[in-house]
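Data first, discussion second: the structure below is written as structure tokens.
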Amino acid sequence: MLSVHQRCAFAGATTVTLALLAAGMPSSATAAAEPDLSRFYGQRIKWSACEGYETPEDMQCGKVTVPLDYANPGDGTLEVALARYRATGDSRGSVLLNFGGPGGAGIPQLAVGGEDFMGLTKGYDVVTFDPRGVGRSSPVSCGDAAEEAYGMTDGAAEGSDPRAALAALRKAAGECAKHSGPVLRHIGTVNASRDMDVMRQALGDKKLNYLGFSYGTRLGAVYAAQFPERTGRFVLDGVDTLTESMSEQGLVGAQGQQTALEDFLTWCAKDLACPFGQDVRSARTQVVQLIGSLDEDPVPGDFGQEFSGQDLVGAISQALYSRQMWPTLEQALNSLLQDGDARWLTQLSGGAAFPGTGTGTGTGTGSGSGSGAGRAQPDDSPAIAARRDDQVTVTADRDGDLVDPVDVPLDNLPAALMAINCADDPDRPTADQVTKEIARLRTEYAEVSAVFGEYRLTQVLMCYGRPKGTDYIREEVRDVDTAKLLLVGTRGDPATPYRWTLETAKRLGSSAVVLDNKGDGHTGYASSECVHQKVDDFLLYGSLPDSGSSCGPPESEE
């Protein structure tokens, strides 16, 4: 941080050139053809009390300015919101946290869960951020009619018309473009990673130290590929896939969540307060029946919206990530079944009754009404490409300034999740391909999970109508030439299976070191004292466990 590593004010052209080279930036003398990013790499963060948040008194907020488009830095900028806890001991700089998503805002999560990271303040300022398109940083949105679009995109449901669903998705993509503004075309992990390098320099660090969870592991891996010489101590916990398609990820997600649901119902049936009774087989049937009943006859939810069966699937999905959430899920289900009150479940699903909230394998979408493009489009043309920014009304600040916390759209999490996943995914099957394959996919997903299959398969369709995403992650993020990276994989993780940790480690090459967490739940840092200690020891002291070493399940640590 600047308070620990004060940077000198360089004077003269020679000194400026040396500073840029030290930061890894091209100078005009050495890389005239490269875009000039020097003004973004000369920032200092002005830290102050966090305004608009209910945050601890010792938490500070700041911001950096980044180019909207790194290839054309003169075409506009946006601000990225940051927050930190200052180091309490001798500081070696900062460690940057990303809590996952994609679409998760870092600042409120650090405010609520900061206690878990206080050990790191022995040697670091602990910093997090709202990535571009998320939270206060030019938040994307799909508008007020998002729930309607979800109801129209039941392409996964048996007997539905896939082409009607795809038409609804194209309209939804247009509505997302309408409300999100220019940042939508420049969202995604590749640009977020470049933003992190601007943060690194503004924080005063020669190398970036990083702790990323779930989707945050994808972001960290991309940074390591883009900036290997600036990669410091990196920990990736709950490792995401770098290679599997959206349809493959959807199957993995459905299967993992079905396993977690079985475990939850077994646990629940031992409690007399379980809303489904004490017979596990009957409980499974009741869950499926409840979802179908709510899809046919939704109940009132928060914010004046209806709460459907697929909203229930999304809420259950979120709560299954951690055993610590199971009692809350049990209470929320009781509230729904006994009182018709879906508010607790709505909160579990991310604050609004929109599906698609979750980790890196999910997607979301927005409104299906009000295209406004003004002309017909071919079936497979991206709806977003048909819009100009001067024709639409946007939710985000058009100048890229930070928005107030109270002005972050309610659907920002699912809207950003979908936008980022689609920007990272190069696959765009045509309408004919989707129509041809939907019956086979429907069968595969139903066999994996009667509860999560339809939900996950609907998510697979969500990128339809959007521009093709980058192939950089699949093609270029491999064999990174960095310092050692610590990858934590949890055997019972319902969202990011352990095999993804092994596959990603192999792909990243000899720099990757695997820590095998033999527990359950999504990620290991918060649930395993052993994982927590090994991660802290590596980040603070550089003490790296042997690759393949393990941490036992939580009960073995007591």
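Going by the structure tokens order, chains are called A, B, ..., each with residues numbered from 1, while ligands are numbered from 1 in the order shown.
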Write out as a PyMOL selection string each polymer residue whose atoms come within 12 Å of Leu345 of chain A, counting only C-alpha atoms; drop sequence neighbours fewer than 4 positions from it.
-> chain A and resi 299-302+307-319+325+328-337+340-341+349-355
Taking only C-alpha atoms into account, which of A:Val126, A:Leu485, A:Val408, A:Ile187 comes nearest Gly469 of chain A?
-> A:Ile187
Name the residues in contact with Asp516 of chain A at a cut-off of 10 Å, using only C-alpha atoms, excluding same-chain residues fewer than 6 positions from it; report them as JSON, numbers by chain.
-> {"A": [487, 488, 489, 490, 491, 498, 501, 502, 524, 531, 547, 548, 549, 550, 551, 552]}
Using only C-alpha atoms, which residue out of A:Glu229, A:Tyr210, A:Asn517, A:Val434 lies closest to Phe538 of chain A?
->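 Of the candidates, the smallest distance to Phe538 of chain A is held by A:Tyr210.
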One decimal, Å: what's the distance from atom CA of Glu306 of chain A over to atom CA of Cys176 of chain A, could you say?
->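 These atoms are spaced 20.6 Å apart.
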Please provide the set of residues having any atom within 7 Å of Ser138 of chain A, restricted to only C-alpha atoms, with same-chain residues fewer than 2 positions apart removed, written as a PyMOL selection string.
-> chain A and resi 132-134+136+140+183+396-397+400+402-403
Give one line per residue of segment 76-143 of chain A that approaches segment 39-54 of chain A to at most 12 Å, naming the two atoms of the closest pair and their distance in Å to one decimal, counting only C-alpha atoms; sort by chain then ascending residue number and deliver it as CSV.
residue,atom,partner,partner_atom,distance
A:Thr77,CA,A:Phe40,CA,9.8
A:Leu78,CA,A:Phe40,CA,11.0
A:Glu79,CA,A:Phe40,CA,11.0
A:Val80,CA,A:Ile45,CA,11.1
A:Ala81,CA,A:Cys50,CA,10.5
A:Leu82,CA,A:Trp47,CA,9.1
A:Ala83,CA,A:Cys50,CA,7.9
A:Arg84,CA,A:Trp47,CA,8.7
A:Tyr85,CA,A:Trp47,CA,10.7
A:Arg86,CA,A:Trp47,CA,10.5
A:Ile107,CA,A:Tyr53,CA,9.1
A:Pro108,CA,A:Tyr53,CA,7.7
A:Gln109,CA,A:Tyr53,CA,11.3
A:Leu110,CA,A:Glu54,CA,11.4
A:Ala111,CA,A:Glu54,CA,7.8
A:Val112,CA,A:Glu54,CA,9.1
A:Val127,CA,A:Trp47,CA,11.5
A:Gly135,CA,A:Tyr53,CA,11.9
A:Arg136,CA,A:Gly52,CA,10.7
Dump as a PDB file, in the first residue's frame, selection limited to N, CA and C atoms:
ATOM      1  N   THR A  77     -13.101   5.762 -19.898  1.00  0.00           N
ATOM      2  CA  THR A  77     -12.557   5.135 -18.692  1.00  0.00           C
ATOM      3  C   THR A  77     -13.698   4.722 -17.774  1.00  0.00           C
ATOM      4  N   LEU A  78     -13.352   3.925 -16.788  1.00  0.00           N
ATOM      5  CA  LEU A  78     -14.283   3.622 -15.710  1.00  0.00           C
ATOM      6  C   LEU A  78     -13.499   3.505 -14.414  1.00  0.00           C
ATOM      7  N   GLU A  79     -14.193   3.708 -13.313  1.00  0.00           N
ATOM      8  CA  GLU A  79     -13.576   3.613 -11.996  1.00  0.00           C
ATOM      9  C   GLU A  79     -13.888   2.261 -11.377  1.00  0.00           C
ATOM     10  N   VAL A  80     -12.894   1.705 -10.707  1.00  0.00           N
ATOM     11  CA  VAL A  80     -13.042   0.423 -10.015  1.00  0.00           C
ATOM     12  C   VAL A  80     -12.929   0.691  -8.519  1.00  0.00           C
ATOM     13  N   ALA A  81     -13.936   0.237  -7.764  1.00  0.00           N
ATOM     14  CA  ALA A  81     -13.986   0.482  -6.323  1.00  0.00           C
ATOM     15  C   ALA A  81     -13.122  -0.528  -5.577  1.00  0.00           C
ATOM     16  N   LEU A  82     -12.386  -0.055  -4.578  1.00  0.00           N
ATOM     17  CA  LEU A  82     -11.547  -0.903  -3.743  1.00  0.00           C
ATOM     18  C   LEU A  82     -11.843  -0.647  -2.269  1.00  0.00           C
ATOM     19  N   ALA A  83     -11.461  -1.594  -1.430  1.00  0.00           N
ATOM     20  CA  ALA A  83     -11.536  -1.431   0.018  1.00  0.00           C
ATOM     21  C   ALA A  83     -10.380  -2.193   0.644  1.00  0.00           C
ATOM     22  N   ARG A  84      -9.991  -1.783   1.846  1.00  0.00           N
ATOM     23  CA  ARG A  84      -8.856  -2.445   2.494  1.00  0.00           C
ATOM     24  C   ARG A  84      -8.984  -2.412   4.013  1.00  0.00           C
ATOM     25  N   TYR A  85      -8.322  -3.373   4.630  1.00  0.00           N
ATOM     26  CA  TYR A  85      -7.943  -3.329   6.033  1.00  0.00           C
ATOM     27  C   TYR A  85      -6.432  -3.155   6.064  1.00  0.00           C
ATOM     28  N   ARG A  86      -5.959  -2.197   6.803  1.00  0.00           N
ATOM     29  CA  ARG A  86      -4.525  -1.923   6.835  1.00  0.00           C
ATOM     30  C   ARG A  86      -3.779  -2.968   7.648  1.00  0.00           C
ATOM     31  N   ILE A 107     -16.401  -5.658  -2.024  1.00  0.00           N
ATOM     32  CA  ILE A 107     -16.388  -4.767  -0.853  1.00  0.00           C
ATOM     33  C   ILE A 107     -17.398  -5.191   0.205  1.00  0.00           C
ATOM     34  N   PRO A 108     -18.670  -5.427  -0.128  1.00  0.00           N
ATOM     35  CA  PRO A 108     -19.589  -5.866   0.929  1.00  0.00           C
ATOM     36  C   PRO A 108     -19.211  -7.212   1.524  1.00  0.00           C
ATOM     37  N   GLN A 109     -18.585  -8.092   0.728  1.00  0.00           N
ATOM     38  CA  GLN A 109     -18.193  -9.382   1.272  1.00  0.00           C
ATOM     39  C   GLN A 109     -17.037  -9.248   2.244  1.00  0.00           C
ATOM     40  N   LEU A 110     -16.097  -8.358   1.968  1.00  0.00           N
ATOM     41  CA  LEU A 110     -15.005  -8.127   2.907  1.00  0.00           C
ATOM     42  C   LEU A 110     -15.513  -7.452   4.170  1.00  0.00           C
ATOM     43  N   ALA A 111     -16.516  -6.575   4.020  1.00  0.00           N
ATOM     44  CA  ALA A 111     -17.085  -5.905   5.185  1.00  0.00           C
ATOM     45  C   ALA A 111     -17.750  -6.894   6.126  1.00  0.00           C
ATOM     46  N   VAL A 112     -18.450  -7.875   5.556  1.00  0.00           N
ATOM     47  CA  VAL A 112     -19.174  -8.848   6.375  1.00  0.00           C
ATOM     48  C   VAL A 112     -18.256  -9.957   6.872  1.00  0.00           C
ATOM     49  N   VAL A 127      -6.863  -6.259   0.701  1.00  0.00           N
ATOM     50  CA  VAL A 127      -7.574  -5.409  -0.251  1.00  0.00           C
ATOM     51  C   VAL A 127      -8.537  -6.254  -1.074  1.00  0.00           C
ATOM     52  N   GLY A 135     -21.094  -4.422  -8.690  1.00  0.00           N
ATOM     53  CA  GLY A 135     -21.154  -3.550  -7.516  1.00  0.00           C
ATOM     54  C   GLY A 135     -21.124  -2.087  -7.916  1.00  0.00           C
ATOM     55  N   ARG A 136     -20.208  -1.348  -7.328  1.00  0.00           N
ATOM     56  CA  ARG A 136     -20.132   0.085  -7.604  1.00  0.00           C
ATOM     57  C   ARG A 136     -19.395   0.405  -8.899  1.00  0.00           C
TER      58      ARG A 136
END
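The residue that comes closest to His522 of chain A, out of A:Gly74, A:Gly89, A:Gly174, A:Gly100 and on the basis of only C-alpha atoms, is A:Gly100.
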Using DSSP assignments from the backbone, pull out every residue in segment 119-266 of chain A that falls under strand (DSSP E) and give it to me as an mmCIF file with all heavy atoms, in the first residue's frame.
data_model
loop_
_atom_site.group_PDB
_atom_site.id
_atom_site.type_symbol
_atom_site.label_atom_id
_atom_site.label_comp_id
_atom_site.auth_asym_id
_atom_site.auth_seq_id
_atom_site.Cartn_x
_atom_site.Cartn_y
_atom_site.Cartn_z
ATOM 1 N N ASP A 125 -1.632 -5.285 3.860
ATOM 2 C CA ASP A 125 -2.924 -4.637 3.722
ATOM 3 C C ASP A 125 -3.805 -5.630 2.962
ATOM 4 O O ASP A 125 -3.408 -6.132 1.902
ATOM 5 C CB ASP A 125 -2.814 -3.350 2.914
ATOM 6 C CG ASP A 125 -2.120 -2.224 3.666
ATOM 7 O OD1 ASP A 125 -1.971 -2.338 4.896
ATOM 8 O OD2 ASP A 125 -1.711 -1.251 3.006
ATOM 9 N N VAL A 126 -4.990 -5.918 3.487
ATOM 10 C CA VAL A 126 -5.914 -6.861 2.845
ATOM 11 C C VAL A 126 -6.892 -6.046 2.010
ATOM 12 O O VAL A 126 -7.667 -5.243 2.544
ATOM 13 C CB VAL A 126 -6.640 -7.719 3.890
ATOM 14 C CG1 VAL A 126 -7.695 -8.599 3.235
ATOM 15 C CG2 VAL A 126 -5.627 -8.585 4.653
ATOM 16 N N VAL A 127 -6.863 -6.259 0.701
ATOM 17 C CA VAL A 127 -7.574 -5.409 -0.251
ATOM 18 C C VAL A 127 -8.537 -6.254 -1.074
ATOM 19 O O VAL A 127 -8.233 -7.397 -1.434
ATOM 20 C CB VAL A 127 -6.578 -4.698 -1.205
ATOM 21 C CG1 VAL A 127 -7.316 -3.740 -2.144
ATOM 22 C CG2 VAL A 127 -5.507 -3.963 -0.413
ATOM 23 N N THR A 128 -9.688 -5.699 -1.390
ATOM 24 C CA THR A 128 -10.590 -6.315 -2.345
ATOM 25 C C THR A 128 -11.162 -5.245 -3.260
ATOM 26 O O THR A 128 -10.873 -4.046 -3.097
ATOM 27 C CB THR A 128 -11.716 -7.098 -1.652
ATOM 28 O OG1 THR A 128 -12.391 -7.919 -2.619
ATOM 29 C CG2 THR A 128 -12.732 -6.160 -1.000
ATOM 30 N N PHE A 129 -11.997 -5.660 -4.215
ATOM 31 C CA PHE A 129 -12.503 -4.715 -5.215
ATOM 32 C C PHE A 129 -13.802 -5.228 -5.809
ATOM 33 O O PHE A 129 -14.121 -6.420 -5.718
ATOM 34 C CB PHE A 129 -11.463 -4.504 -6.327
ATOM 35 C CG PHE A 129 -11.150 -5.742 -7.129
ATOM 36 C CD1 PHE A 129 -11.634 -5.897 -8.419
ATOM 37 C CD2 PHE A 129 -10.361 -6.755 -6.602
ATOM 38 C CE1 PHE A 129 -11.351 -7.029 -9.164
ATOM 39 C CE2 PHE A 129 -10.059 -7.898 -7.345
ATOM 40 C CZ PHE A 129 -10.559 -8.042 -8.618
ATOM 41 N N LEU A 208 2.030 -8.829 -7.662
ATOM 42 C CA LEU A 208 0.694 -8.955 -7.096
ATOM 43 C C LEU A 208 0.621 -10.214 -6.247
ATOM 44 O O LEU A 208 0.934 -11.313 -6.713
ATOM 45 C CB LEU A 208 -0.343 -9.030 -8.205
ATOM 46 C CG LEU A 208 -1.799 -9.174 -7.764
ATOM 47 C CD1 LEU A 208 -2.282 -7.896 -7.088
ATOM 48 C CD2 LEU A 208 -2.705 -9.511 -8.948
ATOM 49 N N ASN A 209 0.218 -10.058 -5.000
ATOM 50 C CA ASN A 209 -0.106 -11.189 -4.132
ATOM 51 C C ASN A 209 -1.625 -11.330 -4.110
ATOM 52 O O ASN A 209 -2.351 -10.334 -4.019
ATOM 53 C CB ASN A 209 0.446 -10.965 -2.723
ATOM 54 C CG ASN A 209 1.940 -10.737 -2.739
ATOM 55 O OD1 ASN A 209 2.704 -11.575 -3.197
ATOM 56 N ND2 ASN A 209 2.368 -9.568 -2.263
ATOM 57 N N TYR A 210 -2.110 -12.573 -4.148
ATOM 58 C CA TYR A 210 -3.518 -12.751 -4.498
ATOM 59 C C TYR A 210 -4.096 -13.989 -3.835
ATOM 60 O O TYR A 210 -3.444 -15.040 -3.731
ATOM 61 C CB TYR A 210 -3.625 -12.896 -6.016
ATOM 62 C CG TYR A 210 -5.005 -13.110 -6.574
ATOM 63 C CD1 TYR A 210 -5.902 -12.047 -6.709
ATOM 64 C CD2 TYR A 210 -5.408 -14.370 -6.999
ATOM 65 C CE1 TYR A 210 -7.169 -12.243 -7.256
ATOM 66 C CE2 TYR A 210 -6.671 -14.576 -7.538
ATOM 67 C CZ TYR A 210 -7.547 -13.510 -7.661
ATOM 68 O OH TYR A 210 -8.790 -13.711 -8.200
ATOM 69 N N LEU A 211 -5.361 -13.864 -3.381
ATOM 70 C CA LEU A 211 -6.137 -14.983 -2.858
ATOM 71 C C LEU A 211 -7.497 -14.949 -3.546
ATOM 72 O O LEU A 211 -8.286 -14.036 -3.330
ATOM 73 C CB LEU A 211 -6.292 -14.857 -1.338
ATOM 74 C CG LEU A 211 -7.210 -15.860 -0.627
ATOM 75 C CD1 LEU A 211 -6.823 -17.304 -0.937
ATOM 76 C CD2 LEU A 211 -7.199 -15.604 0.888
ATOM 77 N N GLY A 212 -7.753 -15.952 -4.394
ATOM 78 C CA GLY A 212 -8.990 -15.990 -5.152
ATOM 79 C C GLY A 212 -9.774 -17.254 -4.876
ATOM 80 O O GLY A 212 -9.195 -18.345 -4.760
ATOM 81 N N PHE A 213 -11.088 -17.101 -4.770
ATOM 82 C CA PHE A 213 -11.978 -18.217 -4.487
ATOM 83 C C PHE A 213 -12.905 -18.475 -5.676
ATOM 84 O O PHE A 213 -13.429 -17.544 -6.284
ATOM 85 C CB PHE A 213 -12.841 -17.921 -3.250
ATOM 86 C CG PHE A 213 -12.049 -17.655 -2.009
ATOM 87 C CD1 PHE A 213 -11.760 -16.357 -1.617
ATOM 88 C CD2 PHE A 213 -11.572 -18.700 -1.235
ATOM 89 C CE1 PHE A 213 -11.033 -16.100 -0.469
ATOM 90 C CE2 PHE A 213 -10.830 -18.462 -0.085
ATOM 91 C CZ PHE A 213 -10.554 -17.161 0.299
ATOM 92 N N THR A 231 3.591 -11.846 -11.079
ATOM 93 C CA THR A 231 2.810 -12.744 -10.227
ATOM 94 C C THR A 231 3.614 -13.085 -8.977
ATOM 95 O O THR A 231 4.680 -13.696 -9.060
ATOM 96 C CB THR A 231 2.458 -14.037 -10.993
ATOM 97 O OG1 THR A 231 1.666 -13.699 -12.136
ATOM 98 C CG2 THR A 231 1.689 -15.001 -10.111
ATOM 99 N N GLY A 232 3.072 -12.674 -7.820
ATOM 100 C CA GLY A 232 3.736 -12.953 -6.552
ATOM 101 C C GLY A 232 3.212 -14.236 -5.935
ATOM 102 O O GLY A 232 3.146 -15.284 -6.587
ATOM 103 N N ARG A 233 2.828 -14.172 -4.674
ATOM 104 C CA ARG A 233 2.282 -15.339 -3.985
ATOM 105 C C ARG A 233 0.790 -15.447 -4.291
ATOM 106 O O ARG A 233 0.010 -14.595 -3.885
ATOM 107 C CB ARG A 233 2.543 -15.224 -2.481
ATOM 108 C CG ARG A 233 4.026 -15.260 -2.142
ATOM 109 C CD ARG A 233 4.296 -15.016 -0.671
ATOM 110 N NE ARG A 233 5.728 -14.972 -0.427
ATOM 111 C CZ ARG A 233 6.294 -14.632 0.733
ATOM 112 N NH1 ARG A 233 5.508 -14.319 1.778
ATOM 113 N NH2 ARG A 233 7.599 -14.617 0.859
ATOM 114 N N PHE A 234 0.429 -16.486 -4.996
ATOM 115 C CA PHE A 234 -0.942 -16.684 -5.468
ATOM 116 C C PHE A 234 -1.530 -17.933 -4.839
ATOM 117 O O PHE A 234 -0.911 -19.004 -4.851
ATOM 118 C CB PHE A 234 -0.969 -16.853 -6.992
ATOM 119 C CG PHE A 234 -1.262 -15.590 -7.746
ATOM 120 C CD1 PHE A 234 -0.603 -14.418 -7.446
ATOM 121 C CD2 PHE A 234 -2.182 -15.583 -8.789
ATOM 122 C CE1 PHE A 234 -0.863 -13.254 -8.149
ATOM 123 C CE2 PHE A 234 -2.452 -14.429 -9.493
ATOM 124 C CZ PHE A 234 -1.792 -13.254 -9.179
ATOM 125 N N VAL A 235 -2.779 -17.810 -4.333
ATOM 126 C CA VAL A 235 -3.541 -18.948 -3.830
ATOM 127 C C VAL A 235 -4.869 -18.990 -4.566
ATOM 128 O O VAL A 235 -5.595 -17.983 -4.621
ATOM 129 C CB VAL A 235 -3.791 -18.857 -2.315
ATOM 130 C CG1 VAL A 235 -4.629 -20.046 -1.846
ATOM 131 C CG2 VAL A 235 -2.473 -18.810 -1.550
ATOM 132 N N LEU A 236 -5.195 -20.148 -5.127
ATOM 133 C CA LEU A 236 -6.448 -20.364 -5.841
ATOM 134 C C LEU A 236 -7.217 -21.455 -5.112
ATOM 135 O O LEU A 236 -6.791 -22.610 -5.097
ATOM 136 C CB LEU A 236 -6.181 -20.770 -7.291
ATOM 137 C CG LEU A 236 -5.176 -19.897 -8.076
ATOM 138 C CD1 LEU A 236 -5.008 -20.425 -9.495
ATOM 139 C CD2 LEU A 236 -5.605 -18.434 -8.079
ATOM 140 N N ASP A 237 -8.349 -21.104 -4.503
ATOM 141 C CA ASP A 237 -9.108 -22.020 -3.639
ATOM 142 C C ASP A 237 -10.494 -22.263 -4.246
ATOM 143 O O ASP A 237 -11.261 -21.331 -4.447
ATOM 144 C CB ASP A 237 -9.241 -21.400 -2.251
ATOM 145 C CG ASP A 237 -9.941 -22.307 -1.251
ATOM 146 O OD1 ASP A 237 -10.274 -23.460 -1.592
ATOM 147 O OD2 ASP A 237 -10.157 -21.863 -0.098
#
Smallest atom-to-atom distance to Ser449 of chain A: which of A:Ile473, A:Ala254, A:Ile291, A:Leu242, using only C-alpha atoms?
-> A:Ala254
Point-to-point distance from atom CA of Pro553 of chain A to atom CA of Ser282 of chain A, Å rounded to tenths = 29.3 Å
Do you know which residues are at most 9 Å from Gly104 of chain A counting only C-alpha atoms, after dropping those on the same chain fewer than 3 positions away, and could you put them as a PyMOL selection string?
-> chain A and resi 98-101+109+130-131+134-135+358+412-413+416-417
How far is it from atom CA of Tyr215 of chain A to atom CA of Ala419 of chain A, in Å with one decimal?
->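 Spanning atom CA of Tyr215 of chain A to atom CA of Ala419 of chain A is a straight-line distance of 13.5 Å.
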With distances taken over only C-alpha atoms, which of A:Gln258, A:Ala224, A:Met196, A:Val95 is nearest to Ala450 of chain A?
-> A:Gln258
